[in-house]
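**Q** One structure coming up, written as structure tokens, with questions to follow.
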Amino acid sequence: MRRARVRVVAAGLVALALGAGIAPRPARAQTVQITIAQPAEATTMDPGRSTQVLTVNYFYNLYDSLTRWDAALVLQPALATAWRGVNETTWEFTLRPGVKFHDGAPLTADDVKATLERNLVPGKTGVTAGFTTIEAVQVPNPGLVRIITKKPDPLLPVRMAQMGSQILPARLTTDEGVKELARRPVGTGAYRFVEWVKDERLVMEANRDWWGWEGRKPGVDRVVWKPIPEDFPRLVALEKGEADIVTNVPPDRIKALAEGRTTRIVSVPSSRTAACAMNATQGPLADKRVRQALHYALDINAVVKGIYAGYGKPYSGGVADTDFGYNPALKPYPYDVARAKALLTEAGFPGGIDVTLHAGMGTMVNDKQLIEVIADMWAKAGIRARIAMMEMGARQKMVNDRAIPVGGLLLINPQSTLLDADGSLWRLLHPTGLNGKYWAGSQPGHRFHDLMEQARYSMDPARRKPLYTEATQIINDEKPWLELFQEVIVYGTSQRVTFKPRADYRLIAAEMQVSR
């Protein structure tokens, strides 16, 4: 196996830059390049239109937000150098001076205002649920943004680092502008877009005008993202030095990569969970006894052990143990096929039910195997599951259009955006969230809705905690989605790349170092 090496690509880089409409940078003697292989193609370059983990990785390299999580998941300044609460419903953010977008235009408060206001319009983006506390965005001067919330919002500075918070040029937030943005992104991030050859590669180069974190510049000059859907070719690319980082490492290959001559494994417990969103508006899934039966008919411990080599933790209540609001008193349902059958009979389905399990190819490690095992286990309880695999673009459309069919479930692996139940449970089950329209309990007037709204607007953590405790108990009982397990992140890397894996799944090239 040959070792990955520093590639000399100065001439080619100039050509790529010209082809992408970007002014070429002065050639350097050597260009430090890394290749990252993920199992799925990007679906869009618009950070408002995808929350899928693999696609979001691109956003966190191309764009900046007002605040950011560092590698230890501590909130830090980013495009905002400071923020303060003026009163209970007013926050002000001071913008970093001298920041420019990749096209040379200066960052102003009007760009922030346009980005946030786009996120407030239902249907314009897929991230609206995370921004609904905002009443208005004001621009007192070009370097200051004032955000007015509907009620006191203790998490407003954290929301400015979540998915969809990446700041866009105001001109690209219009209906016509976002069409251009989806293909040719313009941000202020550490990396600028070079080219996107669908199903082959997406290329970024370091933004030498970047404002930097703590005065540092990116240590990697060029990042090539390659979609390699199949596990075996992806791992071969790593072992041959054709990739420096691979995601979605199959559990049965972890030991070999850890002991490899040119490879290693890095891992960290994550703030992400595996679940299946479901349409519970009508049909059998509208009955909570049926939804409970889905859980009793699954041996999640066996799933985690058999498919993921023990890398995972069964959970219940909708909140991972990384988040404020996690309820340790709740336990996953035990595996009990007889109980599952009894619940189906009580609900009026003694002959069982028919459902469809949808999944995007590359959503997570062993995704197809996971839903196949779920279907096999369910069959023992009379739950007949048809499997429907799809390309990630079709999956993203199903998510954006809120189009899970009646009787359908969709494999998801939602990421906590706030390290708080508001950024995981309520982001997804809010009326405007991914699963909000599929379950009556998400709607105003229902206890779960009212609890989550009270917690969202309470400034007192001691008040918020019991509200989340009751809300997660409702989730444990109602099971508005299929809860599977909390994930562990595992990457395969070459020996020459060094980085600290993040619990939020972000692969941020500016945090990486490459030995020459």
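So you can find residues: chains in the structure tokens are A, B, ... in the order shown, residues in each start at 1, and ligands are numbered from 1 in order.
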Leaving out region 184-201 of chain A and any residue of its chain fewer than 3 positions from it, which residues lie within 9 Å of it when counting only C-alpha atoms, given as a PyMOL selection string?
**A** chain A and resi 13+16-22+40-42+45-46+59-65+79+99-103+107+166-169+172+179-181+204-212+217-218+221-228+509-510
**Q** Ranking A:Met398, A:Ala256, A:Ala440, A:Ala293 by minimum distance to Gly492 (chain A) and counting only C-alpha atoms, which one comes first?
**A**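 Residue with the minimum atom-to-atom distance to Gly492 (chain A): A:Ala256.
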**Q** Do you know which residues are at most 9 Å from Lys331 (chain A) counting only C-alpha atoms, after dropping those on the same chain fewer than 4 positions away, and could you put them as number ranges by chain?
**A** A: 314-317, 476
**Q** Once you have the residues from the selection above, write them out as an mmCIF file, in the first residue's frame, restricted to C-alpha atoms.
**A**
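Writing done, so here's part-v4.cif:
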data_model
loop_
_atom_site.group_PDB
_atom_site.id
_atom_site.type_symbol
_atom_site.label_atom_id
_atom_site.label_comp_id
_atom_site.auth_asym_id
_atom_site.auth_seq_id
_atom_site.Cartn_x
_atom_site.Cartn_y
_atom_site.Cartn_z
ATOM 1 C CA PRO A 314 -30.349 2.340 23.420
ATOM 2 C CA TYR A 315 -32.343 5.357 24.605
ATOM 3 C CA SER A 316 -35.872 6.575 25.231
ATOM 4 C CA GLY A 317 -37.612 9.907 25.632
ATOM 5 C CA ASN A 476 -41.694 7.558 26.191
#
**Q** What is the CA of Leu73 (chain A)-CA of Ala136 (chain A) distance in Å, reported with one decimal?
**A**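 Here the two named atoms are 27.8 Å from each other.
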**Q** List every residue of region 81-187 of chain A that DSSP, applied to the backbone of this structure, places in helix (DSSP H, G or I), and write the result as a ChimeraX atom specification.
**A** /A:109-120,128-131,156-159,170-172,175-183
**Q** When DSSP is applied to the backbone of this structure, which of region 349-419 of chain A are assigned strand (DSSP E)? Write them out as JSON, numbers by chain.
**A** {"A": [353, 354, 355, 356, 357, 358, 359, 360, 383, 384, 385, 386, 387, 388, 389, 390, 408, 409, 410, 411, 412]}
**Q** Applying 10 Å and only C-alpha atoms, which residues near Arg506 (chain A) remain after dropping the ones on its own chain fewer than 4 positions away? List them as a PyMOL selection string.
**A** chain A and resi 53-54+56-61+71+501-502
**Q** Based on the selection just made, write C-alpha atoms of those residues as a short mmCIF file (atom, residue, chain, number, x, y, z; two decimals), in the first residue's frame.
**A**
data_model
loop_
_atom_site.label_atom_id
_atom_site.label_comp_id
_atom_site.auth_asym_id
_atom_site.auth_seq_id
_atom_site.Cartn_x
_atom_site.Cartn_y
_atom_site.Cartn_z
CA VAL A 53 -25.07 15.17 8.58
CA LEU A 54 -22.93 14.41 5.53
CA VAL A 56 -23.90 19.75 6.71
CA ASN A 57 -20.16 18.98 6.79
CA TYR A 58 -19.77 21.08 3.66
CA PHE A 59 -21.65 24.01 5.19
CA TYR A 60 -19.39 24.24 8.25
CA ASN A 61 -16.36 24.64 6.00
CA ALA A 71 -14.06 21.11 19.28
CA PRO A 501 -13.17 14.03 16.46
CA ARG A 502 -16.15 16.14 17.44
#
**Q** If we count only C-alpha atoms and set the cut-off at 10 Å, which residues sit around Gly441 (chain A), ignoring sequence neighbours fewer than 3 positions away in its own chain? Please answer as a list in words.
**A**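 The residues satisfying every condition are Leu429, His430, Pro431, Gly436, Lys437, Tyr438, Pro444, Gly445, His446, Arg447, Phe448, His449, Asp450, Ile474, Ile475, Glu478 and Pro480 of chain A.
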**Q** Find the spatial neighbours of Gln138 (chain A), counting only C-alpha atoms, within a cut-off of 7 Å - ignore same-chain residues fewer than 6 positions away - and output them as number ranges by chain.
**A** A: 113, 145-147
**Q** Emit the selected residues as a short mmCIF file (atom, residue, chain, number, x, y, z; two decimals), in the first residue's frame, including N, CA and C atoms.
**A**
data_model
loop_
_atom_site.label_atom_id
_atom_site.label_comp_id
_atom_site.auth_asym_id
_atom_site.auth_seq_id
_atom_site.Cartn_x
_atom_site.Cartn_y
_atom_site.Cartn_z
N LYS A 113 -29.32 39.89 8.72
CA LYS A 113 -30.78 40.11 8.79
C LYS A 113 -31.50 39.31 7.71
N VAL A 145 -26.22 43.84 14.96
CA VAL A 145 -27.49 43.16 14.69
C VAL A 145 -28.26 43.07 16.00
N ARG A 146 -29.52 43.46 15.95
CA ARG A 146 -30.39 43.38 17.12
C ARG A 146 -31.49 42.35 16.83
N ILE A 147 -31.62 41.36 17.70
CA ILE A 147 -32.62 40.31 17.51
C ILE A 147 -33.64 40.40 18.64
#
**Q** Within 8 Å of Arg386 (chain A), counting only C-alpha atoms, which residues show up once you throw out same-chain ones fewer than 5 positions away? Write them as a PyMOL selection string, please.
**A** chain A and resi 354-357+375
**Q** Take the residues just selected and output them with C-alpha atoms as a compact mmCIF listing (two decimals), in the first residue's frame.
**A**
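Okay, this is what ended up in out-v1.txt:
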# COMPACT_ATOMS: atom_id res chain seq x y z
CA ASP A 354 -48.24 -3.33 6.95
CA VAL A 355 -45.69 -0.50 6.97
CA THR A 356 -42.94 0.79 4.70
CA LEU A 357 -39.40 1.49 5.93
CA ALA A 375 -38.08 -5.74 9.32
**Q** With only C-alpha atoms as the basis for distance, which of A:Asn327, A:Gly219, A:Leu370, A:Ser267 is at the shortest distance from Arg516 (chain A)?
**A**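 So, comparing all the options, the nearest one is A:Gly219.
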**Q** From the options A:Glu88, A:Leu482, A:Leu156, A:Thr498, which residue's atoms come nearest to Val266 (chain A), counting only C-alpha atoms?
**A** A:Thr498
**Q** Could you check which of A:Pro47, A:Gly312, A:Gly362, A:Pro284 is closest to Glu230 (chain A), using only C-alpha atoms?
**A** A:Gly362
